[in-house]
Amino acid sequence: MVTNVTNLGRSGLYDWVIQRFSAIILAAYTLCILASFVMNPDMDFQKWSSIFESNSMRIFSLITLVALCAHAWIGMWTISTDYMTPLQLGKRATFFRLLFQAGCVLLVAVYLLWGIQIFWGN
Amino acid sequence: MLYLLELSLQSESGFASVQELLSNVFIKLLAWAVLSGLLYHLIAGIKHLLMDLGYGETLKGGFLGACITIALSAVTIIVAGAWIW
């Protein structure tokens with residue numbers, strides 16, 4: 001039996017559900033930011049920073065950031081396990097795949113921590 | 001993108017330097033490319049979710065859905081380009 005030790009939910013079904021719920025959160029946040037641009041055609045620093053200063057927006061931003069990280073990791077895991085196999089890369093496929101996945105994890109972690117700093121730092 | 005967000009929220013002058021950066025043609029092209037990818041991903045994702053719910057799961061429906069996805073993406077990408085310039 002193949003054991004999943006690198007995917008986020010350790011089960012395909014769990015990953016599937018996370019991927020879809022995080023997608024809905026990301027879509028909602030995207031539309032929210034788009035709406036704020038449409039409603040403020042003459043965007044300046046005061047308006048821009050006041051949008052992100054409110055507590056509800058801070059919480060929404062952080063939830064979205066966590067959703068983005070989960071979404072990105074599941075997506076990258078799916079791509080790497082589909083297209084970085086011995087079929088394409090030969091004998092050392094596992095090594096390269098794990099290297100790629102480690103890079104993705106590092107990037108996701110940096111995004112998460114940096115994002116928290118930006119949204120909650122000041 | 002995170003760097004631009006941080007810069008724009010840091011201070012008045014940071015916001016101004018983001019505006020200045022975004023007036024550069026190459027940065028504009030880069031922003032358009034990123035936005036295009038995001039819009040296509042968003043629309044194709046919504047189509048994917050609709051198909052998960054059981055809409056358009058026939059050969060004909062799948063083809064129509066794909067056409068609508070491409071067409072909507074093209075329109076929103078053009079609108080995004082017009083917005084950037």
# chains A, B, ... in the order shown; residues from 1 in each chain; ligands from 1
$ residues_around --residues "Ser17 in chain B" --least-positions-apart "6" --cutoff "10 Å" --atoms "only C-alpha atoms" --output "PyMOL selection string"
chain B and resi 4+7-8+11+23
$ residues_around --residues "Tyr29 in chain A" --least-positions-apart "3" --cutoff "10 Å" --atoms "only C-alpha atoms" --output "PyMOL selection string"
chain A and resi 23-26+32-35+57+60-61+63-65
$ residues_around --residues "Leu38 in chain B" --least-positions-apart "6" --cutoff "10 Å" --atoms "only C-alpha atoms" --output "list in words"
Thr30 of chain A; Trp32, Ala44, Ser73 and Ile77 of chain B
$ write_last_selection --atoms "C-alpha atoms" --output "PDB file, in the first residue's frame"
ATOM      1  CA  THR A  30     -10.549  38.408  -4.440  1.00  0.00           C
TER       2      THR A  30
ATOM      3  CA  TRP B  32      -1.082  42.226 -16.205  1.00  0.00           C
ATOM      4  CA  ALA B  44     -11.717  27.947 -14.435  1.00  0.00           C
ATOM      5  CA  SER B  73     -11.331  34.822 -19.204  1.00  0.00           C
ATOM      6  CA  ILE B  77      -8.185  39.822 -19.078  1.00  0.00           C
TER       7      ILE B  77
END
$ closest_atom_pairs --of "chain A" --to "chain B" --cutoff "12 Å" --atoms "only C-alpha atoms" --output "tab-separated table"
residue	atom	partner	partner_atom	distance
A:Trp16	CA	B:Asp52	CA	10.8
A:Val17	CA	B:Leu49	CA	11.2
A:Gln19	CA	B:Leu49	CA	10.4
A:Arg20	CA	B:Leu49	CA	7.4
A:Phe21	CA	B:Leu49	CA	10.1
A:Ser22	CA	B:Gly45	CA	11.3
A:Ala23	CA	B:Gly45	CA	7.7
A:Ile24	CA	B:Ile46	CA	8.6
A:Ile25	CA	B:Leu42	CA	11.5
A:Leu26	CA	B:Leu42	CA	8.9
A:Ala27	CA	B:Leu42	CA	6.8
A:Ala28	CA	B:Leu42	CA	10.5
A:Tyr29	CA	B:Leu42	CA	11.5
A:Thr30	CA	B:Leu42	CA	9.0
A:Leu31	CA	B:Leu42	CA	10.2
A:Leu34	CA	B:Ala80	CA	10.9
A:Phe37	CA	B:Trp83	CA	10.6
A:Val38	CA	B:Trp83	CA	10.5
A:Pro41	CA	B:Trp83	CA	10.6
A:Met43	CA	B:Phe15	CA	10.3
A:Asp44	CA	B:Phe15	CA	7.9
A:Phe45	CA	B:Glu12	CA	5.8
A:Gln46	CA	B:Glu12	CA	8.1
A:Lys47	CA	B:Leu9	CA	10.4
A:Trp48	CA	B:Leu9	CA	7.4
A:Ser49	CA	B:Leu9	CA	5.7
A:Ser50	CA	B:Leu9	CA	9.4
A:Ile51	CA	B:Leu9	CA	10.1
A:Phe52	CA	B:Leu9	CA	8.3
A:Glu53	CA	B:Leu9	CA	9.5
A:Leu65	CA	B:Leu2	CA	11.2
A:His71	CA	B:Gly45	CA	11.9
A:Gly75	CA	B:His41	CA	12.0
A:Val110	CA	B:Leu2	CA	10.6
A:Tyr111	CA	B:Leu2	CA	7.9
A:Leu112	CA	B:Leu2	CA	10.4
A:Leu113	CA	B:Leu2	CA	11.2
A:Trp114	CA	B:Leu2	CA	7.9
A:Gly115	CA	B:Leu2	CA	7.1
A:Ile116	CA	B:Glu6	CA	10.8
A:Gln117	CA	B:Glu6	CA	9.0
A:Ile118	CA	B:Glu6	CA	5.8
A:Phe119	CA	B:Glu6	CA	8.5
A:Trp120	CA	B:Glu6	CA	11.2
A:Gly121	CA	B:Gln10	CA	10.2
A:Asn122	CA	B:Gln10	CA	8.7
$ select_by_dssp --residues "chain A" --states "alpha helix (DSSP H)" --output "PyMOL selection string"
chain A and resi 12-39+45-53+55-83+86-89+93-120
$ closest_residue --among "A:Val105, A:Ile59, A:Ile74, A:Gln88" --to "Gly12 in chain A" --atoms "only C-alpha atoms"
A:Ile74
$ residues_around --residues "Thr6 in chain A" --least-positions-apart "2" --cutoff "9 Å" --atoms "only C-alpha atoms" --output "PyMOL selection string"
chain A and resi 4+8-10+77+98+101
$ write_last_selection --atoms "N, CA and C atoms" --output "PDB file, in the first residue's frame"
ATOM      1  N   ASN A   4       0.590   8.014   2.107  1.00  0.00           N
ATOM      2  CA  ASN A   4       0.801   9.420   1.796  1.00  0.00           C
ATOM      3  C   ASN A   4       1.430  10.122   2.992  1.00  0.00           C
ATOM      4  N   LEU A   8      -1.146  17.245   2.397  1.00  0.00           N
ATOM      5  CA  LEU A   8      -1.565  18.040   3.560  1.00  0.00           C
ATOM      6  C   LEU A   8      -2.501  17.275   4.479  1.00  0.00           C
ATOM      7  N   GLY A   9      -3.521  16.636   3.935  1.00  0.00           N
ATOM      8  CA  GLY A   9      -4.534  16.007   4.776  1.00  0.00           C
ATOM      9  C   GLY A   9      -4.291  14.531   5.017  1.00  0.00           C
ATOM     10  N   ARG A  10      -3.204  13.997   4.439  1.00  0.00           N
ATOM     11  CA  ARG A  10      -2.885  12.571   4.549  1.00  0.00           C
ATOM     12  C   ARG A  10      -3.959  11.685   3.931  1.00  0.00           C
ATOM     13  N   TRP A  77       1.566  19.982  -4.483  1.00  0.00           N
ATOM     14  CA  TRP A  77       1.751  18.559  -4.183  1.00  0.00           C
ATOM     15  C   TRP A  77       1.154  17.707  -5.304  1.00  0.00           C
ATOM     16  N   LEU A  98      11.034  15.514  -3.854  1.00  0.00           N
ATOM     17  CA  LEU A  98      11.109  15.978  -2.470  1.00  0.00           C
ATOM     18  C   LEU A  98      11.817  17.327  -2.382  1.00  0.00           C
ATOM     19  N   GLN A 101       9.296  19.834  -3.497  1.00  0.00           N
ATOM     20  CA  GLN A 101       8.278  20.011  -2.467  1.00  0.00           C
ATOM     21  C   GLN A 101       8.821  20.788  -1.278  1.00  0.00           C
TER      22      GLN A 101
END
$ residues_around --residues "Leu29 in chain B" --least-positions-apart "4" --cutoff "12 Å" --atoms "only C-alpha atoms" --output "PyMOL selection string"
chain B and resi 21-25+33-36+80-82+84-85
$ write_last_selection --atoms "C-alpha atoms" --output "PDB file, in the first residue's frame"
ATOM      1  CA  LEU B  21       6.607  51.484  -9.714  1.00  0.00           C
ATOM      2  CA  LEU B  22       3.261  50.622 -11.293  1.00  0.00           C
ATOM      3  CA  SER B  23       3.647  53.416 -13.839  1.00  0.00           C
ATOM      4  CA  ASN B  24       6.659  51.574 -15.291  1.00  0.00           C
ATOM      5  CA  VAL B  25       5.736  49.736 -18.518  1.00  0.00           C
ATOM      6  CA  ALA B  33       0.508  38.781 -16.605  1.00  0.00           C
ATOM      7  CA  VAL B  34      -0.016  37.942 -12.922  1.00  0.00           C
ATOM      8  CA  LEU B  35      -3.585  39.292 -13.016  1.00  0.00           C
ATOM      9  CA  SER B  36      -4.345  37.333 -16.210  1.00  0.00           C
ATOM     10  CA  ALA B  80      -7.886  44.103 -16.609  1.00  0.00           C
ATOM     11  CA  GLY B  81      -5.478  45.353 -19.277  1.00  0.00           C
ATOM     12  CA  ALA B  82      -7.668  48.413 -19.913  1.00  0.00           C
ATOM     13  CA  ILE B  84      -3.974  48.860 -15.807  1.00  0.00           C
ATOM     14  CA  TRP B  85      -3.402  51.276 -18.716  1.00  0.00           C
TER      15      TRP B  85
END
$ residues_around --residues "Arg97 in chain A" --least-positions-apart "3" --cutoff "7 Å" --atoms "only C-alpha atoms" --output "ChimeraX atom specification"
/A:80,84,93-94,100-101
$ closest_residue --among "B:Ala66, B:Ile27, B:Val79, B:Ala74" --to "Lys47 in chain B" --atoms "only C-alpha atoms"
B:Ala66
